[in-house]
Protein chains: 2
Amino acid sequence: MKGSIVVGQSGGPTAVINSSVAGVYAAAKKLGVKHVYGMVHGIEGFLEDKLIELEDYLEDPVGIELLKRTPSAFLGSCRFKMPKIEGHEEVYEKVFEIMEKHDIECLFYAGGNDSMDTVKMLSDYAAAHGKPQRFMGVPKTIDNDLPVTDHCPGYGSAAKYIASSLKEIIRDNESFGAKKPTICIVEIMGRNAGWLTAAAALAKGEDCSGADAIYLPERVFDMDAFMEKVKHLAETKSSVVIAVSEGIHIADGRYVCELANENVAVDAFGHKQMSGTAAYLAQLIADETGLKTRAIEFSTLQRAASHIASLTDTNEAFQVGHDAVIAANEGKTGMMITLDRNGEDPYQCGTSVYDIHAIANVERPVPAEWITEDGCGLNEGYEEYARPLIMGELFPIFVNGVPQHLVRK
Amino acid sequence: MKGSIVVGQSGGPTAVINSSVAGVYAAAKKLGVKHVYGMVHGIEGFLEDKLIELEDYLEDPVGIELLKRTPSAFLGSCRFKMPKIEGHEEVYEKVFEIMEKHDIECLFYAGGNDSMDTVKMLSDYAAAHGKPQRFMGVPKTIDNDLPVTDHCPGYGSAAKYIASSLKEIIRDNESFGAKKPTICIVEIMGRNAGWLTAAAALAKGEDCSGADAIYLPERVFDMDAFMEKVKHLAETKSSVVIAVSEGIHIADGRYVCELANENVAVDAFGHKQMSGTAAYLAQLIADETGLKTRAIEFSTLQRAASHIASLTDTNEAFQVGHDAVIAANEGKTGMMITLDRNGEDPYQCGTSVYDIHAIANVERPVPAEWITEDGCGLNEGYEEYARPLIMGELFPIFVNGVPQHLVRK
């Protein structure tokens with residue numbers, strides 16, 4: 001590669017998306033790329049020519065190690081949707097103008113479904129207008145709902161946080177025993193796909209009975225069956241911990257969180273901002289059974305807890321960033337790097353590239369065959385798939401008792 | 001010591017209360033104590049003669065290492081208040097009867113204010129009735145509100161979790177920048193004392209601007225001043241993260257969480273069960289400013305997250321358990337072990353014993369001189385006090401990607 005490159009981050013951040021930026025930087029340095037720029041706040045900032053030089057932060061190898069351990073988007077993120085090309089050509093021309101100004105040959109964009117749409121639109125525009133610049137997608141989403149790729153960087157760390165924290169919550173919930181049983185409802189992110197909630201299944205082990213029921217948005221949520229299940233569990237166990245997806249919905253399509261609050265806010269992509277499912281269900285149970293209940297939302301922590309990141313996930317996030325640069329150097333464009341599982345035991349994973357058109361805006365749910373017949377659990381198929389993704393640890397560098405992060409000046 | 005001993009755990013569990021049990025066991029083994037029993041579910045279980053032998057779990061040294069890394073109460077906890085002696089002598093006699101049956105010379109009870117009351121009542125009864133058995137309190141509370149002792153085991157780990165998680169939340173909240181500012185309200189435990197919420201101040205460092213405002217229950221919460229502060233922050237910063245105690249209350253004494261929900265439940269000790277402060281404030285801000293808001297409750301996780309326990313705290317929890325046995329062996333009874341800070345730089349801490357009557361049922365607030373003049377921050381005095389308590393890490397033993405725990409069979 002003769003020119004320079006730019007990397008951006010987009011959408012909800014994860015614990016390891018910065019590791020992908022580190023991977024882009026490392027590969028670019030090996031290839032002798034002139035400048036490795038970072039977009040400040042994704043394509044939205046790029047359109048305003050807001051760039052930094054990664055060299056300023058990563059020349060020192062400790063900088064790379066800190067970056068890998070820093071949660072959220074080091075470069076800043078955005079939720080900017082590229083407009084349709086017709087009638088908005090000036091937005092597209094602006095992107096290419098800024099790329100030319102800085103001699104940027106390739107643009108790398110780390111994100112999920114919505115962000116891959118940006119890569120698709122830009123590479124389509126380039127193809128239609130004979131532009132030489134190349135565009136590559138770098139997968140990232142705790143939601144794990146991108147198609148084609150075996151899994152998405154960010155998922156393993158979120159799953160490790162969820163499984164580990166749930167195990168600690170189960171220990172806590174068990175402490176008062178049968179005399180003061182508490183029904184604990186834990187709400188986990190995932191609008192349409194239940195991948196994150198499924199990770200509750202990973203809390204189970206020889207030292208832990210695990211979650212007592214797990215409700216994914218892939219199945220219609222039956223309130224009556226749920227209450228029956230809770231009552232049965234409360235009669236047979238001294239501690240009940242149930243994991244629910246924020247996206248569970250009843251038969252008429254309404255989200256459970258909407259039953260509590262009809263004025264649910266909507267974001268720039270038209271997605272409903274959800275929260276309150278656990279609190280609503282906990283109140284219902286308390287009202288109907290008189291039992292003590294507790295509602296817990298993992299909230300932002302499940303995507304930001306780099307202090308308990310999965311080493312496998314961190315390394316794979318680095319790998320997809322790295323391999324996106326290698327692929328672009330070979331002339332690829334309009335593609336996303338995918339993770340391909342090449343071995344189960346021991347787990348092995350490689351990468352390849354795939355046409356972005358088959359990926360952008362497509363959501364992959366948890367396969368029906370991994371959900372137990374009663375609809376409130378995951379079977380061994382899921383565990384075999386997910387367990388390798390949470391293996392290994394990359395401990396923070398602690399300074400003054402708290403994890404140290406790399407931040408923009 | 002010729003006979004046997006018993007140790008119990010009581011009240012809300014912590015990340016390191018099991019380390020105190022390990023300390024009791026280790027000291028007892030050194031002294032050649034015959035049997036080291038554990039009460040299953042505290043004094044409530046003891047009254048039903050529910051005991052286990054710690055030897056069964058801790059003979060293997062790996063068992064002790066696992067116990068130190070297991071959150072919540074390994075032995076099971078309870079919220080049982082000893083009745084007043086007059087008219088309830090049979091409850092007290094039952095305790096001594098079970099002690100005699102098992103040749104138990106000393107009873108060790110790890111807990112906070114309410115649990116120290118149990119130690120006081122039992123030792124008072126023994127003194128009044130010429131009973132030879134001894135009773136020692138082992139301090140434990142994330143709330144850090146026991147008097148006399150410099151600090152309480154459990155606090156350092158909760159504070160480390162709060163500071164580290166808040167830092168990750170701040171990183172996340174900053175990611176979308178000035179174009180999509182989010183006001184994030186984080187709710188932290190602490191009914192009457194703001195020690196846990198104060199720990200939000202420890203997120204600050206050269207890589208992090210820290211919490212933008214911190215509201216403790218030690219000061220009356222002024223809703224108008226709060227809204228003014230939020231509006232001012234929103235105008236001057238692209239990310240606003242505010243920490244509030246669940247126990248903040250307005251001038252007429254009502255808790256902020258009661259403003260949202262008048263039917264607040266009450267526990268066995270008459271304490272209100274609190275939650276919903278952050279959600280209430282976030283909604284108020286959204287309604288009044290139109291800004292995007294987010295409410296996060298650390299909830300149970302702040303007392304259960306042994307995966308990010310403070311090594312200093314874990315060691316001190318071990319020490320107070322250990323030294324309680326040494327003190328009892330020297331004939332002490334009706335006392336609690338206290339932590340005494342002997343050096344600031346470097347930090348050094350020893351233990352001594354103190355009359356339980358001066359401790360039981362007394363709550364120690366955050367000193368007024370550590371709260372900033374505007375009432376929404378902590379000054380250096382607090383940081384000098386608290387920083388040493390969160391130093392060092394005792395990483396979990398990870399099995400299958402999640403922390404391994406020691407559990408009762």
# chains A, B, ... in the order shown; residues from 1 in each chain; ligands from 1
call {"tool": "interface_residues", "arguments": {"of": "chain B", "to": "chain A", "cutoff": "7 Å", "atoms": "only C-alpha atoms", "output": "PyMOL selection string"}}
result
chain B and resi 13+41+71-73+76-78+160+163-164+168-169+171-172+175-177+207+296+299-301+304-305+390-392+400-403+405-407
call {"tool": "residues_around", "arguments": {"residues": "Gln133 (chain A)", "least_positions_apart": "5", "cutoff": "12 Å", "atoms": "only C-alpha atoms", "output": "PyMOL selection string"}}
result
chain A and resi 1+3-6+95-100+103-108+119+122-127+328-329+331-334
call {"tool": "calpha_fit_and_write", "arguments": {"fixed": "chain B", "moving": "chain A", "output": "short mmCIF file (atom, residue, chain, number, x, y, z; two decimals) with C-alpha atoms, in the first residue's frame"}}
result
data_model
loop_
_atom_site.label_atom_id
_atom_site.label_comp_id
_atom_site.auth_asym_id
_atom_site.auth_seq_id
_atom_site.Cartn_x
_atom_site.Cartn_y
_atom_site.Cartn_z
CA MET A 1 -8.09 -23.25 73.63
CA LYS A 2 -9.23 -26.69 74.67
CA GLY A 3 -12.67 -26.87 73.09
CA SER A 4 -14.12 -26.04 69.72
CA ILE A 5 -15.27 -22.83 68.07
CA VAL A 6 -18.01 -21.77 65.69
CA VAL A 7 -18.09 -18.98 63.11
CA GLY A 8 -21.15 -17.44 61.50
CA GLN A 9 -21.94 -14.87 58.83
CA SER A 10 -24.79 -12.42 59.05
CA GLY A 11 -26.39 -9.57 57.16
CA GLY A 12 -25.76 -8.51 53.56
CA PRO A 13 -22.87 -10.49 52.13
CA THR A 14 -19.69 -8.97 50.70
CA ALA A 15 -16.99 -9.99 48.25
CA VAL A 16 -14.57 -10.83 51.08
CA ILE A 17 -16.60 -12.00 54.10
CA ASN A 18 -15.51 -15.54 53.27
CA SER A 19 -11.92 -14.45 53.65
CA SER A 20 -12.73 -13.74 57.31
CA VAL A 21 -14.00 -17.31 57.70
CA ALA A 22 -10.72 -18.48 56.16
CA GLY A 23 -8.86 -16.32 58.71
CA VAL A 24 -10.82 -17.80 61.62
CA TYR A 25 -10.07 -21.30 60.36
CA ALA A 26 -6.36 -20.62 59.81
CA ALA A 27 -5.85 -19.16 63.31
CA ALA A 28 -7.84 -21.97 64.92
CA LYS A 29 -5.73 -24.61 63.21
CA LYS A 30 -2.55 -22.91 64.45
CA LEU A 31 -3.94 -22.98 67.99
CA GLY A 32 -4.91 -26.62 67.72
CA VAL A 33 -8.63 -25.99 68.17
CA LYS A 34 -10.50 -29.31 68.08
CA HIS A 35 -13.37 -28.51 65.73
CA VAL A 36 -14.01 -25.37 63.71
CA TYR A 37 -17.71 -25.31 63.01
CA GLY A 38 -19.58 -23.03 60.64
CA MET A 39 -23.17 -21.95 61.33
CA VAL A 40 -25.39 -22.52 58.32
CA HIS A 41 -27.37 -19.28 57.91
CA GLY A 42 -26.00 -17.49 60.94
CA ILE A 43 -27.48 -17.50 64.40
CA GLU A 44 -30.86 -18.44 62.93
CA GLY A 45 -29.44 -21.73 61.64
CA PHE A 46 -27.35 -22.19 64.79
CA LEU A 47 -30.55 -22.13 66.87
CA GLU A 48 -31.62 -25.13 64.77
CA ASP A 49 -28.25 -26.80 65.31
CA LYS A 50 -27.30 -26.44 61.65
CA LEU A 51 -23.52 -26.74 61.61
CA ILE A 52 -20.84 -27.88 59.23
CA GLU A 53 -17.20 -28.72 59.86
CA LEU A 54 -14.92 -26.30 58.00
CA GLU A 55 -12.23 -29.00 57.88
CA ASP A 56 -14.32 -30.82 55.27
CA TYR A 57 -13.81 -27.93 52.87
CA LEU A 58 -10.57 -26.29 53.93
CA GLU A 59 -8.19 -29.15 54.69
CA ASP A 60 -7.08 -28.91 51.06
CA PRO A 61 -5.17 -25.58 50.80
CA VAL A 62 -6.80 -24.95 47.42
CA GLY A 63 -10.09 -24.87 49.36
CA ILE A 64 -8.86 -21.86 51.35
CA GLU A 65 -7.76 -20.08 48.18
CA LEU A 66 -11.15 -20.73 46.57
CA LEU A 67 -12.98 -19.61 49.71
CA LYS A 68 -11.10 -16.29 49.68
CA ARG A 69 -12.26 -15.80 46.07
CA THR A 70 -15.88 -16.77 46.66
CA PRO A 71 -18.35 -13.90 47.07
CA SER A 72 -21.38 -13.84 49.36
CA ALA A 73 -21.70 -15.92 52.54
CA PHE A 74 -20.23 -19.39 52.03
CA LEU A 75 -21.92 -20.49 55.26
CA GLY A 76 -25.20 -18.79 54.40
CA SER A 77 -26.36 -15.58 56.01
CA CYS A 78 -29.44 -14.44 57.93
CA ARG A 79 -31.18 -11.27 59.03
CA PHE A 80 -32.20 -12.54 62.46
CA LYS A 81 -32.47 -10.02 65.29
CA MET A 82 -31.96 -11.47 68.78
CA PRO A 83 -35.06 -10.64 70.85
CA LYS A 84 -34.70 -8.61 74.04
CA ILE A 85 -33.57 -10.92 76.83
CA GLU A 86 -36.50 -10.38 79.21
CA GLY A 87 -39.25 -12.78 78.28
CA HIS A 88 -37.11 -14.55 75.67
CA GLU A 89 -34.60 -16.31 77.92
CA GLU A 90 -35.32 -19.61 76.14
CA VAL A 91 -33.80 -18.30 72.90
CA TYR A 92 -30.60 -17.42 74.74
CA GLU A 93 -30.53 -20.67 76.68
CA LYS A 94 -30.90 -22.53 73.40
CA VAL A 95 -27.73 -20.87 72.04
CA PHE A 96 -25.75 -21.95 75.11
CA GLU A 97 -27.24 -25.41 75.07
CA ILE A 98 -26.06 -25.96 71.49
CA MET A 99 -22.64 -24.50 72.32
CA GLU A 100 -22.31 -26.92 75.25
CA LYS A 101 -23.51 -29.86 73.19
CA HIS A 102 -20.64 -29.32 70.72
CA ASP A 103 -18.11 -28.19 73.34
CA ILE A 104 -17.98 -24.76 71.67
CA GLU A 105 -15.96 -22.28 73.74
CA CYS A 106 -16.16 -19.28 71.44
CA LEU A 107 -18.58 -17.94 68.89
CA PHE A 108 -17.35 -15.61 66.11
CA TYR A 109 -19.85 -13.56 64.20
CA ALA A 110 -18.97 -11.65 61.04
CA GLY A 111 -21.32 -8.83 60.19
CA GLY A 112 -22.25 -5.17 60.37
CA ASN A 113 -24.20 -3.06 62.84
CA ASP A 114 -27.14 -5.41 63.26
CA SER A 115 -24.92 -8.46 63.59
CA MET A 116 -22.75 -6.79 66.22
CA ASP A 117 -25.96 -6.39 68.22
CA THR A 118 -26.20 -10.20 68.30
CA VAL A 119 -22.65 -10.41 69.71
CA LYS A 120 -23.51 -7.77 72.30
CA MET A 121 -26.72 -9.48 73.42
CA LEU A 122 -25.10 -12.91 73.70
CA SER A 123 -22.06 -11.65 75.59
CA ASP A 124 -24.31 -9.59 77.89
CA TYR A 125 -26.39 -12.69 78.59
CA ALA A 126 -23.28 -14.73 79.30
CA ALA A 127 -21.97 -12.07 81.69
CA ALA A 128 -25.31 -11.77 83.48
CA HIS A 129 -25.70 -15.54 83.87
CA GLY A 130 -22.13 -16.50 84.61
CA LYS A 131 -21.66 -18.45 81.38
CA PRO A 132 -18.03 -19.17 80.41
CA GLN A 133 -18.55 -19.03 76.62
CA ARG A 134 -17.00 -16.14 74.71
CA PHE A 135 -18.36 -14.05 71.84
CA MET A 136 -16.36 -12.02 69.36
CA GLY A 137 -17.44 -9.73 66.55
CA VAL A 138 -15.69 -9.79 63.19
CA PRO A 139 -16.37 -6.57 61.26
CA LYS A 140 -17.89 -6.84 57.81
CA THR A 141 -19.88 -4.38 55.79
CA ILE A 142 -19.59 -2.82 52.39
CA ASP A 143 -21.34 0.18 53.99
CA ASN A 144 -18.18 1.00 55.99
CA ASP A 145 -20.37 2.56 58.69
CA LEU A 146 -19.15 0.75 61.81
CA PRO A 147 -17.68 3.15 64.36
CA VAL A 148 -14.26 2.91 66.07
CA THR A 149 -12.64 0.78 63.33
CA ASP A 150 -10.75 2.81 60.69
CA HIS A 151 -12.70 1.00 58.00
CA CYS A 152 -14.63 -2.24 57.50
CA PRO A 153 -13.60 -5.31 55.51
CA GLY A 154 -15.82 -5.51 52.44
CA TYR A 155 -15.69 -1.77 51.80
CA GLY A 156 -12.43 -1.75 49.87
CA SER A 157 -13.62 -4.36 47.37
CA ALA A 158 -17.00 -2.70 46.87
CA ALA A 159 -15.21 0.64 46.41
CA LYS A 160 -12.81 -0.91 43.89
CA TYR A 161 -15.74 -2.35 41.94
CA ILE A 162 -17.59 0.98 42.02
CA ALA A 163 -14.56 3.06 40.96
CA SER A 164 -13.54 0.60 38.22
CA SER A 165 -17.04 0.11 36.83
CA LEU A 166 -17.76 3.83 36.96
CA LYS A 167 -14.60 4.44 34.97
CA GLU A 168 -15.81 1.98 32.33
CA ILE A 169 -19.23 3.65 32.30
CA ILE A 170 -17.57 7.05 31.83
CA ARG A 171 -15.56 5.66 28.87
CA ASP A 172 -18.77 4.29 27.39
CA ASN A 173 -20.74 7.47 28.01
CA GLU A 174 -18.06 9.58 26.34
CA SER A 175 -18.11 7.51 23.16
CA PHE A 176 -20.83 9.40 21.29
CA GLY A 177 -19.39 12.81 22.07
CA ALA A 178 -21.01 16.21 22.02
CA LYS A 179 -23.53 15.43 19.26
CA LYS A 180 -25.33 12.83 21.33
CA PRO A 181 -24.61 13.71 24.94
CA THR A 182 -26.10 11.35 27.49
CA ILE A 183 -26.68 12.23 31.13
CA CYS A 184 -25.94 9.05 33.04
CA ILE A 185 -27.12 8.69 36.64
CA VAL A 186 -25.51 5.88 38.60
CA GLU A 187 -27.20 4.69 41.79
CA ILE A 188 -24.99 3.29 44.51
CA MET A 189 -25.91 1.49 47.75
CA GLY A 190 -25.82 3.14 51.18
CA ARG A 191 -28.95 3.82 53.16
CA ASN A 192 -27.72 6.45 55.63
CA ALA A 193 -23.99 6.60 55.10
CA GLY A 194 -22.48 7.68 51.80
CA TRP A 195 -19.24 5.70 51.96
CA LEU A 196 -20.00 3.56 48.90
CA THR A 197 -21.18 6.49 46.83
CA ALA A 198 -18.08 8.42 47.85
CA ALA A 199 -16.02 5.68 46.15
CA ALA A 200 -17.18 7.17 42.84
CA ALA A 201 -14.51 9.81 43.53
CA LEU A 202 -11.84 7.13 43.08
CA ALA A 203 -12.62 6.79 39.35
CA LYS A 204 -10.74 10.02 38.75
CA GLY A 205 -7.18 9.85 37.48
CA GLU A 206 -4.89 11.28 34.83
CA ASP A 207 -6.79 9.20 32.25
CA CYS A 208 -10.30 9.99 33.56
CA SER A 209 -12.11 13.14 34.62
CA GLY A 210 -14.18 11.06 37.02
CA ALA A 211 -17.76 11.50 38.16
CA ASP A 212 -19.11 14.98 37.44
CA ALA A 213 -21.05 15.16 40.70
CA ILE A 214 -21.48 12.87 43.69
CA TYR A 215 -24.48 13.10 46.01
CA LEU A 216 -24.26 11.51 49.45
CA PRO A 217 -27.08 10.98 51.95
CA GLU A 218 -25.08 12.98 54.51
CA ARG A 219 -26.35 16.17 52.85
CA VAL A 220 -29.99 17.09 52.22
CA PHE A 221 -30.71 16.65 48.49
CA ASP A 222 -31.88 19.89 46.89
CA MET A 223 -33.78 18.99 43.71
CA ASP A 224 -33.58 22.51 42.25
CA ALA A 225 -29.85 22.82 42.82
CA PHE A 226 -29.41 19.35 41.31
CA MET A 227 -31.30 20.29 38.13
CA GLU A 228 -29.29 23.52 37.84
CA LYS A 229 -26.07 21.55 38.21
CA VAL A 230 -27.13 19.03 35.57
CA LYS A 231 -28.10 21.76 33.10
CA HIS A 232 -24.81 23.55 33.65
CA LEU A 233 -22.83 20.33 33.14
CA ALA A 234 -24.81 19.48 30.00
CA GLU A 235 -23.90 22.86 28.52
CA THR A 236 -20.20 22.57 29.26
CA LYS A 237 -19.45 18.85 28.81
CA SER A 238 -20.21 16.26 26.13
CA SER A 239 -20.60 13.47 28.66
CA VAL A 240 -22.10 13.78 32.12
CA VAL A 241 -21.93 10.98 34.69
CA ILE A 242 -23.39 11.57 38.15
CA ALA A 243 -23.25 9.24 41.15
CA VAL A 244 -26.10 9.28 43.65
CA SER A 245 -26.64 7.33 46.84
CA GLU A 246 -29.84 5.30 47.02
CA GLY A 247 -30.32 7.04 50.38
CA ILE A 248 -30.44 10.67 49.24
CA HIS A 249 -33.41 12.49 50.72
CA ILE A 250 -35.08 15.87 50.40
CA ALA A 251 -35.52 18.46 53.14
CA ASP A 252 -38.72 16.95 54.57
CA GLY A 253 -36.90 13.66 55.12
CA ARG A 254 -38.43 11.65 52.30
CA TYR A 255 -36.05 9.55 50.26
CA VAL A 256 -35.85 10.50 46.58
CA CYS A 257 -36.79 6.91 45.71
CA GLU A 258 -39.98 7.37 47.70
CA LEU A 259 -40.98 10.27 45.47
CA ALA A 260 -41.17 7.74 42.63
CA ASN A 261 -42.83 4.97 44.59
CA GLU A 262 -44.60 5.55 47.89
CA ASN A 263 -45.00 1.86 48.66
CA VAL A 264 -41.39 1.19 49.60
CA ALA A 265 -41.01 -2.22 51.29
CA VAL A 266 -39.50 -2.59 54.76
CA ASP A 267 -37.19 -5.40 55.97
CA ALA A 268 -37.03 -7.26 59.32
CA PHE A 269 -34.95 -4.50 60.90
CA GLY A 270 -37.41 -1.80 59.76
CA HIS A 271 -35.05 -0.58 57.04
CA LYS A 272 -36.67 0.59 53.82
CA GLN A 273 -35.74 -1.43 50.74
CA MET A 274 -34.52 1.18 48.33
CA SER A 275 -34.12 1.31 44.58
CA GLY A 276 -35.23 3.52 41.72
CA THR A 277 -33.51 6.79 42.69
CA ALA A 278 -31.44 6.94 39.49
CA ALA A 279 -34.39 5.99 37.27
CA TYR A 280 -36.51 8.69 38.87
CA LEU A 281 -33.86 11.41 38.46
CA ALA A 282 -33.01 10.32 34.90
CA GLN A 283 -36.70 10.60 33.93
CA LEU A 284 -36.98 14.03 35.56
CA ILE A 285 -33.94 15.29 33.63
CA ALA A 286 -35.22 13.83 30.35
CA ASP A 287 -38.61 15.48 30.88
CA GLU A 288 -37.16 18.85 31.80
CA THR A 289 -34.25 19.09 29.35
CA GLY A 290 -35.11 16.71 26.53
CA LEU A 291 -31.60 15.27 26.81
CA LYS A 292 -30.96 11.56 26.52
CA THR A 293 -30.53 10.04 29.96
CA ARG A 294 -29.55 6.65 31.31
CA ALA A 295 -30.03 5.19 34.77
CA ILE A 296 -27.70 2.52 36.09
CA GLU A 297 -27.95 0.70 39.43
CA PHE A 298 -24.89 -1.20 40.60
CA SER A 299 -27.30 -3.25 42.69
CA THR A 300 -26.14 -6.56 44.13
CA LEU A 301 -23.02 -6.55 41.98
CA GLN A 302 -21.27 -3.99 44.16
CA ARG A 303 -21.29 -6.37 47.11
CA ALA A 304 -20.78 -9.59 45.16
CA ALA A 305 -18.10 -8.77 42.61
CA SER A 306 -15.26 -10.79 44.07
CA HIS A 307 -13.78 -11.04 40.58
CA ILE A 308 -12.40 -7.52 41.11
CA ALA A 309 -11.82 -7.70 44.86
CA SER A 310 -9.17 -5.54 46.49
CA LEU A 311 -6.19 -7.56 47.68
CA THR A 312 -5.75 -5.17 50.62
CA ASP A 313 -9.38 -5.74 51.58
CA THR A 314 -9.16 -9.52 51.16
CA ASN A 315 -6.07 -9.67 53.35
CA GLU A 316 -7.61 -7.44 56.02
CA ALA A 317 -10.80 -9.52 56.03
CA PHE A 318 -8.61 -12.57 56.63
CA GLN A 319 -6.70 -10.70 59.33
CA VAL A 320 -9.78 -9.67 61.37
CA GLY A 321 -11.06 -13.25 61.34
CA HIS A 322 -7.64 -14.53 62.35
CA ASP A 323 -7.11 -11.97 65.10
CA ALA A 324 -10.58 -12.51 66.56
CA VAL A 325 -9.53 -16.09 67.31
CA ILE A 326 -6.23 -14.95 68.81
CA ALA A 327 -8.07 -12.44 71.03
CA ALA A 328 -10.66 -15.01 72.13
CA ASN A 329 -7.85 -17.41 72.93
CA GLU A 330 -6.46 -14.72 75.25
CA GLY A 331 -9.81 -14.64 77.04
CA LYS A 332 -11.46 -11.69 75.33
CA THR A 333 -15.26 -11.63 74.92
CA GLY A 334 -17.92 -9.06 74.03
CA MET A 335 -15.48 -7.30 71.73
CA MET A 336 -15.10 -6.59 68.05
CA ILE A 337 -11.81 -6.60 66.16
CA THR A 338 -11.04 -3.15 64.77
CA LEU A 339 -8.69 -2.10 62.00
CA ASP A 340 -6.21 0.58 63.05
CA ARG A 341 -4.35 2.61 60.46
CA ASN A 342 -0.76 2.87 61.61
CA GLY A 343 0.81 4.49 58.59
CA GLU A 344 -0.28 6.60 55.64
CA ASP A 345 2.55 6.49 53.15
CA PRO A 346 3.14 3.63 52.81
CA TYR A 347 -0.21 2.51 54.16
CA GLN A 348 -0.04 0.19 57.15
CA CYS A 349 -2.85 -1.31 59.15
CA GLY A 350 -3.01 -3.39 62.31
CA THR A 351 -5.83 -4.67 64.51
CA SER A 352 -6.99 -4.29 68.07
CA VAL A 353 -10.14 -5.11 70.03
CA TYR A 354 -12.90 -2.81 71.23
CA ASP A 355 -15.93 -3.09 73.50
CA ILE A 356 -18.89 -4.23 71.40
CA HIS A 357 -21.26 -1.89 73.33
CA ALA A 358 -19.65 1.12 71.70
CA ILE A 359 -20.12 -0.39 68.25
CA ALA A 360 -23.43 -2.26 67.97
CA ASN A 361 -26.20 -0.22 66.35
CA VAL A 362 -24.01 2.89 65.89
CA GLU A 363 -23.64 4.19 62.32
CA ARG A 364 -20.68 6.31 61.24
CA PRO A 365 -21.33 8.77 58.41
CA VAL A 366 -18.78 10.19 55.97
CA PRO A 367 -17.06 13.07 57.85
CA ALA A 368 -18.47 16.47 56.85
CA GLU A 369 -14.96 17.86 56.26
CA TRP A 370 -14.43 15.44 53.35
CA ILE A 371 -17.50 16.67 51.46
CA THR A 372 -16.86 19.64 49.17
CA GLU A 373 -18.53 22.94 49.95
CA ASP A 374 -21.07 22.63 47.12
CA GLY A 375 -22.17 19.30 48.60
CA CYS A 376 -21.62 17.26 45.45
CA GLY A 377 -18.06 16.05 45.63
CA LEU A 378 -15.35 14.60 47.86
CA ASN A 379 -12.05 16.28 48.59
CA GLU A 380 -8.50 14.95 48.94
CA GLY A 381 -9.10 13.95 52.55
CA TYR A 382 -11.43 11.21 51.38
CA GLU A 383 -9.13 10.06 48.63
CA GLU A 384 -6.16 9.80 51.00
CA TYR A 385 -8.34 7.72 53.31
CA ALA A 386 -9.91 5.44 50.69
CA ARG A 387 -7.30 4.94 47.95
CA PRO A 388 -5.12 2.51 49.95
CA LEU A 389 -8.17 0.31 50.63
CA ILE A 390 -8.70 -0.51 46.94
CA MET A 391 -5.08 -1.29 46.13
CA GLY A 392 -3.99 -4.65 44.81
CA GLU A 393 -5.85 -7.47 43.14
CA LEU A 394 -6.61 -11.08 44.00
CA PHE A 395 -7.64 -12.52 40.65
CA PRO A 396 -10.17 -15.35 40.52
CA ILE A 397 -9.28 -18.90 39.64
CA PHE A 398 -11.03 -19.16 36.28
CA VAL A 399 -12.49 -22.53 35.27
CA ASN A 400 -14.28 -22.81 31.93
CA GLY A 401 -13.95 -19.07 31.48
CA VAL A 402 -15.73 -18.06 34.71
CA PRO A 403 -14.53 -17.56 38.30
CA GLN A 404 -14.63 -20.76 40.34
CA HIS A 405 -16.32 -20.65 43.76
CA LEU A 406 -16.34 -22.85 46.85
CA VAL A 407 -19.87 -23.94 47.73
CA ARG A 408 -21.42 -26.04 50.50
CA LYS A 409 -22.38 -29.56 49.50
#
call {"tool": "select_by_dssp", "arguments": {"residues": "region 73-319 of chain A", "states": "helix (DSSP H, G or I)", "output": "count of residues only"}}
result
109
